[in-house]
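Notes to accompany the following structure.
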Amino acid sequence: MIPAPSLNFEAIDLTGQRRLRLRDVPRDSSVGELVDGLLGRMNLPRANSEGRPLSYFPLLERESRHLHNSEVVGEVLQENDRVVLHPSIEAGRGFAGGTASLV
């Protein structure tokens with residue numbers, strides 16, 4: 001059986017307060033393209049409280065793993081999957097602008 005040219009699945013933010021049911025997402029798009037498109041549609045902040053850019057990472061709930069931006073949607077996602085977007089967190093920020101060593 002030949003897979004459909006598009007997928008339907010759900011994207012949510014880390015808090016679960018912002019949900020978006022996605023329909024007809026092209027299978028040949030990259031995960032990076034997907035995330036870029038979702039940020040605006042879900043009204044997620046693109047910068048932290050200090051004005052630094054935020055990066056978001058997608059977690060595929062079914063496999064409990066993070067997806068890479070270069071992966072292809074049709075190769076990693078299945079119909080009705082759930083993708084959780086969460087911002088990157090930099091440990092050590094706030095110590096006079098420096099970073100903390102975790103040794």
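Ordering of the structure tokens sets the chain letters (A, B, ...), residue numbers begin anew at 1 in every chain, and ligands are numbered from 1 in the order given.
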Neighbouring residues of A:Pro87 were defined as those with any atom within 12 Å, considering only C-alpha atoms; residues of the same chain fewer than 6 positions away were excluded. Please report them as number ranges by chain.
A: 13-15, 35, 39, 44-48, 52-59
Write a file of the selected residues as a CSV table (one decimal), in the first residue's frame, keeping N, CA and C atoms.
```
chain,number,residue,atom,x,y,z
A,13,ASP,N,2.5,22.5,23.0
A,13,ASP,CA,3.7,23.0,23.7
A,13,ASP,C,3.9,22.3,25.0
A,14,LEU,N,5.0,22.6,25.6
A,14,LEU,CA,5.5,21.8,26.8
A,14,LEU,C,4.4,21.9,27.9
A,15,THR,N,3.7,23.0,28.0
A,15,THR,CA,2.7,23.1,29.1
A,15,THR,C,1.4,22.4,28.8
A,35,VAL,N,8.9,22.7,12.5
A,35,VAL,CA,9.0,23.4,13.7
A,35,VAL,C,8.9,24.9,13.4
A,39,LEU,N,5.9,27.5,15.2
A,39,LEU,CA,6.2,28.5,16.2
A,39,LEU,C,5.2,29.7,16.0
A,44,LEU,N,4.2,30.8,19.9
A,44,LEU,CA,5.2,30.5,20.9
A,44,LEU,C,6.3,31.6,20.8
A,45,PRO,N,6.8,32.0,22.0
A,45,PRO,CA,7.8,33.1,22.0
A,45,PRO,C,9.1,32.7,21.2
A,46,ARG,N,9.7,33.6,20.5
A,46,ARG,CA,10.9,33.3,19.8
A,46,ARG,C,12.1,33.8,20.5
A,47,ALA,N,11.9,34.5,21.6
A,47,ALA,CA,13.0,35.0,22.5
A,47,ALA,C,12.7,34.8,23.9
A,48,ASN,N,13.7,34.7,24.8
A,48,ASN,CA,13.5,34.5,26.2
A,48,ASN,C,13.3,35.9,26.8
A,52,ARG,N,17.2,36.9,24.3
A,52,ARG,CA,18.0,36.0,23.5
A,52,ARG,C,17.1,35.0,22.7
A,53,PRO,N,17.5,34.7,21.5
A,53,PRO,CA,16.6,33.8,20.7
A,53,PRO,C,16.4,32.4,21.4
A,54,LEU,N,15.2,31.9,21.2
A,54,LEU,CA,14.9,30.5,21.8
A,54,LEU,C,15.0,29.5,20.6
A,55,SER,N,15.5,28.4,20.9
A,55,SER,CA,15.4,27.2,20.0
A,55,SER,C,14.4,26.2,20.5
A,56,TYR,N,13.6,25.6,19.7
A,56,TYR,CA,12.7,24.6,20.1
A,56,TYR,C,13.0,23.3,19.6
A,57,PHE,N,12.8,22.3,20.4
A,57,PHE,CA,13.1,20.9,20.1
A,57,PHE,C,11.8,20.1,20.1
A,58,PRO,N,11.5,19.3,19.0
A,58,PRO,CA,10.3,18.5,19.0
A,58,PRO,C,10.6,17.1,19.6
A,59,LEU,N,9.7,16.7,20.5
A,59,LEU,CA,9.7,15.4,21.1
A,59,LEU,C,8.6,14.6,20.5
```
Show me, as a list of chain:residue names, the residues that have an atom within 12 Å of A:Arg65 when counting only C-alpha atoms, minus same-chain residues fewer than 2 positions from it.
A:Phe57, A:Pro58, A:Leu59, A:Leu60, A:Glu61, A:Arg62, A:Glu63, A:Leu67, A:His68, A:Val76, A:Leu77, A:Arg82, A:Val83, A:Val84, A:Leu85
Could you tell me how far atom CA of A:Pro26 sits from atom CA of A:Ser88, in Å to one decimal place?
25.9 Å
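The residue that comes closest to A:Val25, out of A:Asn43, A:Ser70, A:Ser64, A:Asn80 and on the basis of only C-alpha atoms, is A:Asn80.
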